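Heads up, start-v6.cif below (mmCIF, C-alpha atoms and all ligand atoms):
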data_run
loop_
_atom_site.label_atom_id
_atom_site.label_comp_id
_atom_site.auth_asym_id
_atom_site.auth_seq_id
_atom_site.Cartn_x
_atom_site.Cartn_y
_atom_site.Cartn_z
CA MET A 777 7.97 -3.90 -4.84
CA ALA A 778 10.12 -6.51 -6.52
CA ASP A 779 8.29 -7.95 -9.52
CA THR A 780 8.51 -7.45 -13.28
CA SER A 781 5.42 -5.27 -13.53
CA VAL A 782 6.83 -2.86 -10.94
CA HIS A 783 10.12 -2.71 -12.82
CA GLU A 784 8.21 -1.93 -16.04
CA MET A 785 6.14 0.74 -14.29
CA MET A 786 9.29 2.47 -12.97
CA ARG A 787 10.79 2.40 -16.47
CA TYR A 788 7.60 3.86 -17.95
CA TYR A 789 7.43 6.77 -15.49
CA THR A 790 11.10 7.57 -16.05
CA ALA A 791 10.30 8.11 -19.74
CA ALA A 792 6.73 9.51 -19.60
CA ASP A 793 6.14 12.97 -18.13
CA GLU A 794 3.40 12.55 -15.54
CA ALA A 795 3.80 16.18 -14.38
CA SER A 796 2.34 17.67 -17.59
CA ARG A 797 -0.12 14.92 -18.57
CA LEU A 798 -3.30 16.30 -17.01
CA GLY A 799 -2.93 19.61 -18.86
CA THR A 800 -3.04 18.03 -22.32
CA GLY A 801 -5.79 16.66 -24.62
CA TRP A 802 -8.63 14.66 -23.07
CA PHE A 803 -6.64 14.25 -19.83
CA GLN A 804 -8.02 17.73 -19.05
CA LEU A 805 -11.45 16.09 -18.91
CA GLU A 806 -10.07 13.40 -16.58
CA TYR A 807 -8.69 16.12 -14.29
CA ALA A 808 -11.84 18.27 -14.25
CA ARG A 809 -14.17 15.32 -13.69
CA THR A 810 -11.99 13.75 -11.00
CA GLN A 811 -11.92 17.10 -9.18
CA GLU A 812 -15.71 17.29 -9.45
CA LEU A 813 -16.10 13.75 -8.10
CA ILE A 814 -13.76 14.47 -5.20
CA LEU A 815 -15.56 17.69 -4.22
CA ARG A 816 -18.94 15.97 -4.50
CA HIS A 817 -18.21 14.02 -1.29
CA LEU A 818 -15.24 15.63 0.48
CA PRO A 819 -16.21 17.46 3.69
CA PRO A 820 -15.26 21.15 3.88
CA ALA A 821 -11.64 22.08 4.71
CA PRO A 822 -9.72 21.47 6.79
CA THR A 823 -9.60 17.68 6.47
CA THR A 824 -6.64 15.28 6.43
CA ILE A 825 -6.15 13.65 3.04
CA LEU A 826 -3.68 10.97 1.90
CA ASP A 827 -3.04 11.07 -1.85
CA VAL A 828 -1.62 7.57 -2.34
CA GLY A 829 -0.05 7.21 -5.78
CA GLY A 830 -0.32 10.98 -6.01
CA GLY A 831 2.20 11.21 -8.84
CA ALA A 832 3.51 14.71 -9.49
CA GLY A 833 0.95 16.21 -7.12
CA ALA A 834 -1.79 17.55 -9.41
CA TYR A 835 -4.62 16.63 -7.03
CA ALA A 836 -2.61 16.89 -3.81
CA CYS A 837 -1.46 20.47 -4.48
CA TRP A 838 -4.94 21.51 -5.63
CA LEU A 839 -6.49 20.09 -2.43
CA ALA A 840 -3.81 21.75 -0.28
CA SER A 841 -4.62 25.05 -2.00
CA LEU A 842 -8.23 24.60 -0.82
CA GLY A 843 -7.03 24.45 2.80
CA HIS A 844 -6.74 20.70 3.39
CA GLU A 845 -3.82 18.96 5.10
CA VAL A 846 -2.48 16.72 2.33
CA HIS A 847 0.11 13.94 2.48
CA LEU A 848 1.34 12.56 -0.85
CA ILE A 849 2.84 9.07 -1.09
CA ASP A 850 4.31 7.62 -4.29
CA PRO A 851 6.93 4.94 -5.10
CA VAL A 852 8.51 6.85 -8.03
CA PRO A 853 11.28 9.21 -6.78
CA ASN A 854 10.85 11.62 -9.69
CA HIS A 855 7.14 12.03 -8.89
CA VAL A 856 7.82 12.83 -5.24
CA GLU A 857 10.43 15.43 -6.30
CA GLN A 858 7.99 16.99 -8.79
CA ALA A 859 5.26 17.12 -6.13
CA ARG A 860 7.64 18.82 -3.69
CA ALA A 861 8.60 21.34 -6.39
CA SER A 862 4.91 22.11 -7.11
CA SER A 863 4.27 22.46 -3.40
CA THR A 864 6.99 25.11 -3.06
CA GLN A 865 5.12 27.12 -5.73
CA GLN A 866 2.23 27.57 -3.29
CA PRO A 867 4.02 28.69 -0.10
CA ASN A 868 0.79 29.67 1.65
CA HIS A 869 -0.72 26.21 1.11
CA PRO A 870 2.10 23.65 0.84
CA LEU A 871 1.71 19.88 1.02
CA THR A 872 2.06 18.66 4.60
CA SER A 873 4.34 15.87 3.34
CA ALA A 874 5.44 14.17 0.11
CA THR A 875 7.21 10.88 0.69
CA LEU A 876 8.31 7.74 -1.10
CA GLY A 877 6.04 4.85 -0.23
CA ASP A 878 3.74 2.08 -1.34
CA ALA A 879 -0.05 1.84 -1.12
CA ARG A 880 0.31 -1.62 0.44
CA GLU A 881 2.16 -0.31 3.50
CA LEU A 882 1.27 3.24 4.41
CA PRO A 883 3.48 5.18 6.82
CA HIS A 884 0.45 6.58 8.65
CA SER A 885 -1.30 5.58 11.83
CA SER A 886 -4.72 3.98 11.99
CA GLN A 887 -7.77 6.26 12.10
CA SER A 888 -5.70 9.32 11.12
CA ALA A 889 -7.23 10.43 7.79
CA ASP A 890 -10.58 11.74 6.58
CA ALA A 891 -9.99 10.85 2.93
CA VAL A 892 -7.72 8.60 0.86
CA LEU A 893 -7.18 8.98 -2.87
CA LEU A 894 -6.06 5.84 -4.70
CA LEU A 895 -5.86 7.31 -8.21
CA GLY A 896 -3.26 4.98 -9.68
CA PRO A 897 -2.33 2.09 -7.38
CA LEU A 898 -5.43 0.00 -8.17
CA TYR A 899 -4.52 -0.29 -11.85
CA HIS A 900 -0.76 -0.52 -11.32
CA LEU A 901 -1.09 -3.38 -8.82
CA THR A 902 -1.70 -6.27 -11.20
CA LYS A 903 -2.52 -8.89 -8.54
CA ARG A 904 -5.90 -8.84 -6.81
CA ASP A 905 -4.30 -9.68 -3.44
CA ASP A 906 -2.07 -6.60 -3.72
CA ARG A 907 -5.03 -4.37 -4.62
CA LEU A 908 -6.96 -5.68 -1.61
CA THR A 909 -3.94 -5.09 0.61
CA ALA A 910 -3.81 -1.47 -0.64
CA LEU A 911 -7.55 -1.01 -0.06
CA ARG A 912 -7.32 -2.52 3.44
CA GLU A 913 -4.46 -0.13 4.22
CA ALA A 914 -6.68 2.76 3.10
CA HIS A 915 -9.43 1.38 5.34
CA ARG A 916 -7.02 1.12 8.30
CA VAL A 917 -5.77 4.73 8.10
CA LEU A 918 -9.26 6.21 7.64
CA ARG A 919 -11.34 7.43 10.54
CA ASP A 920 -14.83 5.89 10.82
CA GLY A 921 -16.96 7.51 8.13
CA GLY A 922 -13.86 8.44 6.07
CA LEU A 923 -13.89 8.13 2.29
CA VAL A 924 -11.77 6.43 -0.35
CA TRP A 925 -11.68 7.29 -4.06
CA GLY A 926 -10.39 4.24 -6.00
CA ALA A 927 -9.68 4.74 -9.71
CA GLY A 928 -9.63 1.85 -12.16
CA ILE A 929 -8.89 1.78 -15.88
CA SER A 930 -11.68 0.16 -17.88
CA ARG A 931 -11.21 -3.34 -19.31
CA PHE A 932 -12.19 -1.84 -22.68
CA ALA A 933 -9.88 1.20 -22.62
CA SER A 934 -7.25 -0.37 -24.91
CA LEU A 935 -9.82 -1.25 -27.54
CA LEU A 936 -11.41 2.20 -27.52
CA ASP A 937 -8.10 4.07 -27.28
CA SER A 938 -6.52 2.14 -30.15
CA LEU A 939 -9.58 2.66 -32.36
CA SER A 940 -9.92 6.38 -31.65
CA ASN A 941 -6.19 7.12 -31.73
CA GLY A 942 -5.31 5.07 -34.80
CA PHE A 943 -3.07 2.30 -33.48
CA PHE A 944 -5.55 -0.60 -33.58
CA ASP A 945 -3.87 -1.97 -36.74
CA GLN A 946 -0.31 -1.99 -35.36
CA PRO A 947 0.79 -5.67 -35.31
CA GLU A 948 2.70 -5.42 -32.01
CA PHE A 949 -0.44 -4.06 -30.33
CA ALA A 950 -2.66 -7.01 -31.34
CA PRO A 951 -1.48 -9.47 -28.64
CA ILE A 952 -1.61 -6.75 -25.98
CA LEU A 953 -5.24 -5.98 -26.84
CA GLU A 954 -6.15 -9.66 -27.03
CA ARG A 955 -4.96 -10.28 -23.46
CA ASP A 956 -6.55 -7.06 -22.17
CA LEU A 957 -9.94 -8.11 -23.47
CA ALA A 958 -9.58 -11.69 -22.27
CA GLU A 959 -8.37 -11.10 -18.71
CA GLY A 960 -7.61 -7.41 -18.07
CA GLN A 961 -3.90 -8.08 -17.61
CA HIS A 962 -2.19 -5.38 -19.65
CA ARG A 963 1.45 -6.12 -20.50
CA ASN A 964 3.56 -3.93 -22.76
CA PRO A 965 6.86 -5.57 -23.68
CA THR A 966 7.34 -3.25 -26.72
CA GLY A 967 8.76 -0.12 -25.09
CA ASN A 968 6.20 1.98 -27.04
CA LEU A 969 4.93 4.56 -24.51
CA ASN A 970 1.61 4.92 -26.40
CA TYR A 971 0.71 1.45 -25.16
CA PHE A 972 1.06 2.48 -21.46
CA THR A 973 2.77 0.13 -19.02
CA ASP A 974 1.98 -3.12 -17.20
CA ALA A 975 -1.34 -2.74 -15.42
CA PHE A 976 -4.66 -4.36 -14.57
CA PHE A 977 -7.81 -3.15 -16.34
CA HIS A 978 -11.04 -3.65 -14.35
CA LEU A 979 -14.58 -4.49 -15.28
CA PRO A 980 -16.69 -1.86 -13.48
CA ASP A 981 -18.34 -4.32 -11.07
CA GLU A 982 -14.98 -5.91 -10.32
CA LEU A 983 -13.64 -2.55 -9.07
CA ALA A 984 -16.72 -1.98 -6.90
CA GLY A 985 -16.42 -5.55 -5.56
CA GLU A 986 -12.81 -4.99 -4.50
CA LEU A 987 -13.84 -1.97 -2.40
CA THR A 988 -16.62 -3.88 -0.67
CA ASP A 989 -14.35 -6.92 -0.16
CA ALA A 990 -11.91 -4.61 1.64
CA GLY A 991 -14.67 -3.51 4.02
CA PHE A 992 -15.98 -0.31 2.42
CA ASP A 993 -19.60 0.60 1.80
CA LEU A 994 -19.95 1.66 -1.83
CA VAL A 995 -21.02 5.31 -2.13
CA GLU A 996 -20.99 5.43 -5.93
CA LEU A 997 -19.48 3.76 -8.98
CA VAL A 998 -19.08 6.43 -11.59
CA ALA A 999 -17.57 7.06 -15.03
CA VAL A 1000 -14.84 9.72 -14.95
CA GLU A 1001 -14.52 10.76 -18.61
CA GLY A 1002 -17.55 8.76 -19.76
CA SER A 1003 -17.45 8.60 -23.53
CA GLY A 1004 -16.16 12.20 -23.68
CA TRP A 1005 -12.55 11.10 -24.20
CA LEU A 1006 -13.62 9.59 -27.54
CA ALA A 1007 -14.89 12.91 -28.96
CA ARG A 1008 -13.70 13.44 -32.54
CA ASP A 1009 -12.64 17.05 -31.97
CA PHE A 1010 -12.08 17.13 -28.23
CA ALA A 1011 -10.02 20.36 -28.33
CA HIS A 1012 -12.93 22.25 -29.91
CA LEU A 1013 -15.44 20.98 -27.35
CA TRP A 1014 -13.08 21.72 -24.46
CA ASN A 1015 -11.90 25.14 -25.57
CA VAL A 1016 -15.31 26.66 -26.34
CA PRO A 1017 -16.82 27.35 -22.89
CA GLN A 1018 -20.42 26.71 -23.93
CA GLN A 1019 -19.47 23.39 -25.58
CA ARG A 1020 -17.43 22.36 -22.55
CA GLU A 1021 -20.45 22.90 -20.27
CA ARG A 1022 -22.69 20.96 -22.68
CA LEU A 1023 -20.19 18.10 -22.74
CA LEU A 1024 -19.88 17.99 -18.94
CA ALA A 1025 -23.66 18.17 -18.49
CA ALA A 1026 -24.23 15.30 -20.95
CA LEU A 1027 -21.56 13.15 -19.29
CA ARG A 1028 -23.06 13.80 -15.85
CA LYS A 1029 -26.47 12.60 -17.08
CA VAL A 1030 -25.10 9.16 -17.94
CA GLU A 1031 -22.26 8.92 -15.39
CA HIS A 1032 -23.87 5.94 -13.57
CA GLU A 1033 -25.37 4.21 -16.61
CA PRO A 1034 -24.21 0.57 -16.28
CA ALA A 1035 -24.27 0.04 -20.05
CA LEU A 1036 -21.77 2.89 -20.51
CA LEU A 1037 -19.45 2.59 -17.49
CA GLY A 1038 -16.91 0.48 -19.37
CA ALA A 1039 -16.70 3.04 -22.20
CA SER A 1040 -14.99 5.47 -19.83
CA SER A 1041 -11.22 5.37 -19.72
CA HIS A 1042 -11.30 5.65 -15.91
CA ILE A 1043 -13.94 4.41 -13.50
CA LEU A 1044 -14.09 5.70 -9.94
CA ALA A 1045 -15.39 3.65 -7.04
CA ILE A 1046 -16.02 5.82 -4.00
CA GLY A 1047 -16.34 4.03 -0.67
CA ARG A 1048 -17.03 4.89 2.96
CA LYS A 1049 -15.51 3.23 6.05
C1 LIG A 1101 -1.02 7.56 -13.86
S1 LIG A 1101 -0.27 8.02 -12.34
C2 LIG A 1101 -1.58 8.94 -11.60
C3 LIG A 1101 -1.08 10.04 -10.72
C4 LIG A 1101 -2.19 10.86 -10.06
N1 LIG A 1101 -2.77 10.12 -8.94
C5 LIG A 1101 -3.27 11.17 -11.06
O1 LIG A 1101 -4.36 10.61 -10.93
O2 LIG A 1101 -3.02 11.95 -11.97
C6 LIG A 1101 -0.28 6.55 -11.35
C7 LIG A 1101 0.54 6.73 -10.07
O3 LIG A 1101 0.40 5.57 -9.24
C8 LIG A 1101 1.64 5.36 -8.61
N2 LIG A 1101 1.72 3.98 -8.11
C9 LIG A 1101 1.89 2.85 -8.81
N3 LIG A 1101 1.96 1.79 -7.99
C10 LIG A 1101 1.81 2.24 -6.74
C11 LIG A 1101 1.81 1.63 -5.45
N4 LIG A 1101 1.98 0.31 -5.29
N5 LIG A 1101 1.64 2.41 -4.38
C12 LIG A 1101 1.47 3.75 -4.51
N6 LIG A 1101 1.48 4.38 -5.70
C13 LIG A 1101 1.65 3.64 -6.80
C14 LIG A 1101 2.63 5.66 -9.73
O4 LIG A 1101 3.93 5.90 -9.25
C15 LIG A 1101 2.00 6.90 -10.35
O5 LIG A 1101 2.48 8.09 -9.75
#
Can the structure from this file be put into structure tokens for me?
Ligand SMILES: C[S@@+](CC[C@H](N)C(=O)[O-])C[C@H]1O[C@@H](n2cnc3c(N)ncnc32)[C@H](O)[C@@H]1O
Amino acid sequence: MADTSVHEMMRYYTAADEASRLGTGWFQLEYARTQELILRHLPPAPTTILDVGGGAGAYACWLASLGHEVHLIDPVPNHVEQARASSTQQPNHPLTSATLGDARELPHSSQSADAVLLLGPLYHLTKRDDRLTALREAHRVLRDGGLVWGAGISRFASLLDSLSNGFFDQPEFAPILERDLAEGQHRNPTGNLNYFTDAFFHLPDELAGELTDAGFDLVELVAVEGSGWLARDFAHLWNVPQQRERLLAALRKVEHEPALLGASSHILAIGRK
């Protein structure tokens, strides 16, 4: 993994706390919706799942707690340590393994998994060839009929995030946004963690096309947070149970609407081998 973007990504994850992210703000919506979209298609336990780019283990440990055999792979040492620590907190349902590795070269044999999660690598790998290599690796390790969940960040996420979170007018953000909108190549030379790290931001159809180019049949292309992450008072909607259900129901109604897919922070392409 020796290029500048990888170096930047490592620097970012040393400073940003990935372990607590999904429990804060609108990331709670990302977590709940991603769980829903995993369970929508995952066969009943026990299955064998590879969580590639599994970070600190939020999805891997949850899936292990449901009785699945889960292997987590991530290139950031701190993430693998955090995932192992979370796993020890659930001694009856630990992760089967948590190892350092790269989505482009998985340490697993062919036809050995029922499901592969790629919730990170497809936006961190900035070159299309690398993303296709990662997707072909997922295809190789899956059994026939196995499923992949590939997450992308929307091409328009920087625009919407900067408008709703008040940093659109910051001069050092202007060139970052300009390049995002023009070509999806997100580069953050500023060191400001609010601007994320080097990444590639997909158009929805581009993400779906990468799955099919790697040999998958597309099961669905779906908005994760939809426009819910832009809610003016997200905490209120999320913390009042009735409002949370209303929000989730509304987002589900438009989750496949092509005109709205790019308004979601994350887009999920689900594919079958
Ligand atoms: C934003 S985190 C997401 C973590 C978790 N999957 C989630 O959805 O909350 C992105 C993860 O992708 C991992 N990642 C980046 N490049 C990768 C690669 N080439 N292979 C595997 N994982 C990678 C990062 O280390 C990080 O843990």
Listing only residues of chain A within 6 Å of ligand LIG 1101 (chain A), what is the closest atom pair and its distance in Å (to one decimal) for each, using all atoms listed in the file, sorted by chain and residue number ascending, as a Markdown table?
| residue | atom | partner | partner_atom | distance |
| --- | --- | --- | --- | --- |
| A:Val828 | CA | A:LIG1101 | C12 | 5.4 |
| A:Gly829 | CA | A:LIG1101 | N6 | 3.2 |
| A:Gly830 | CA | A:LIG1101 | N1 | 3.9 |
| A:Gly831 | CA | A:LIG1101 | O5 | 3.3 |
| A:Asp850 | CA | A:LIG1101 | N6 | 4.5 |
| A:Pro851 | CA | A:LIG1101 | O4 | 5.2 |
| A:Val852 | CA | A:LIG1101 | O4 | 4.8 |
| A:Asp878 | CA | A:LIG1101 | N5 | 3.7 |
| A:Ala879 | CA | A:LIG1101 | N5 | 3.7 |
| A:Leu895 | CA | A:LIG1101 | N1 | 4.2 |
| A:Gly896 | CA | A:LIG1101 | O3 | 3.7 |
| A:Pro897 | CA | A:LIG1101 | C10 | 4.2 |
| A:His900 | CA | A:LIG1101 | N3 | 4.9 |
| A:Leu901 | CA | A:LIG1101 | N4 | 6.0 |
>> Calculated over only C-alpha atoms, which of the candidates A:Arg904, A:Lys1029, A:His962, A:His1012 has the smallest distance to Phe949 (chain A)?
In response: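 For Phe949 (chain A), the nearest of the given residues is A:His962.
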> Can you list, as a PyMOL selection string, every protein, DNA or RNA residue that comes within 7 Å of Thr823 (chain A) when you count all atoms listed in the file, leaving out same-chain residues fewer than 6 positions away?
Replying inline: chain A and resi 844-845+890
>> Report as number ranges by chain all protein, DNA and RNA residues lying within 9 Å of Gly991 (chain A), evaluated on only C-alpha atoms, omitting residues in the same chain fewer than 5 positions from it.
In response: A: 911-912, 915, 986, 1048-1049
Residues within 8 Å of Ala874 (chain A), all atoms listed in the file, excluding chain neighbours under 6 positions, as a tab-separated table (two decimals) with C-alpha atoms, in the frame of the given file:
chain	number	residue	atom	x	y	z
A	847	HIS	CA	0.11	13.94	2.48
A	848	LEU	CA	1.34	12.56	-0.85
A	849	ILE	CA	2.84	9.07	-1.09
A	850	ASP	CA	4.31	7.62	-4.29
A	856	VAL	CA	7.82	12.83	-5.24
A	859	ALA	CA	5.26	17.12	-6.13
A	860	ARG	CA	7.64	18.82	-3.69
Residue rebuild result region 790-804 of chain A, N, CA and C atoms as a compact mmCIF listing (two decimals), in the coordinates of the input:
# COMPACT_ATOMS: atom_id res chain seq x y z
N THR A 790 9.85 6.85 -15.83
CA THR A 790 11.10 7.57 -16.05
C THR A 790 11.05 8.23 -17.42
N ALA A 791 10.35 7.59 -18.37
CA ALA A 791 10.30 8.11 -19.74
C ALA A 791 9.09 9.02 -19.97
N ALA A 792 7.95 8.73 -19.34
CA ALA A 792 6.73 9.51 -19.60
C ALA A 792 6.63 10.65 -18.59
N ASP A 793 6.19 11.83 -19.04
CA ASP A 793 6.14 12.97 -18.13
C ASP A 793 4.77 13.08 -17.48
N GLU A 794 4.67 12.53 -16.26
CA GLU A 794 3.40 12.55 -15.54
C GLU A 794 3.04 13.97 -15.08
N ALA A 795 4.06 14.83 -14.92
CA ALA A 795 3.80 16.18 -14.38
C ALA A 795 2.94 17.02 -15.33
N SER A 796 3.08 16.82 -16.65
CA SER A 796 2.34 17.67 -17.59
C SER A 796 1.09 17.00 -18.15
N ARG A 797 0.93 15.70 -17.90
CA ARG A 797 -0.12 14.92 -18.57
C ARG A 797 -1.51 15.53 -18.43
N LEU A 798 -1.91 15.89 -17.23
CA LEU A 798 -3.30 16.30 -17.01
C LEU A 798 -3.65 17.65 -17.64
N GLY A 799 -2.65 18.34 -18.18
CA GLY A 799 -2.93 19.61 -18.86
C GLY A 799 -3.06 19.47 -20.36
N THR A 800 -3.02 18.22 -20.86
CA THR A 800 -3.04 18.03 -22.32
C THR A 800 -4.25 17.19 -22.74
N GLY A 801 -4.75 17.48 -23.97
CA GLY A 801 -5.79 16.66 -24.62
C GLY A 801 -6.94 16.29 -23.69
N TRP A 802 -7.45 15.08 -23.86
CA TRP A 802 -8.63 14.66 -23.07
C TRP A 802 -8.29 14.40 -21.60
N PHE A 803 -7.00 14.39 -21.25
CA PHE A 803 -6.64 14.25 -19.83
C PHE A 803 -7.18 15.44 -19.03
N GLN A 804 -7.42 16.58 -19.74
CA GLN A 804 -8.02 17.73 -19.05
C GLN A 804 -9.43 17.39 -18.57
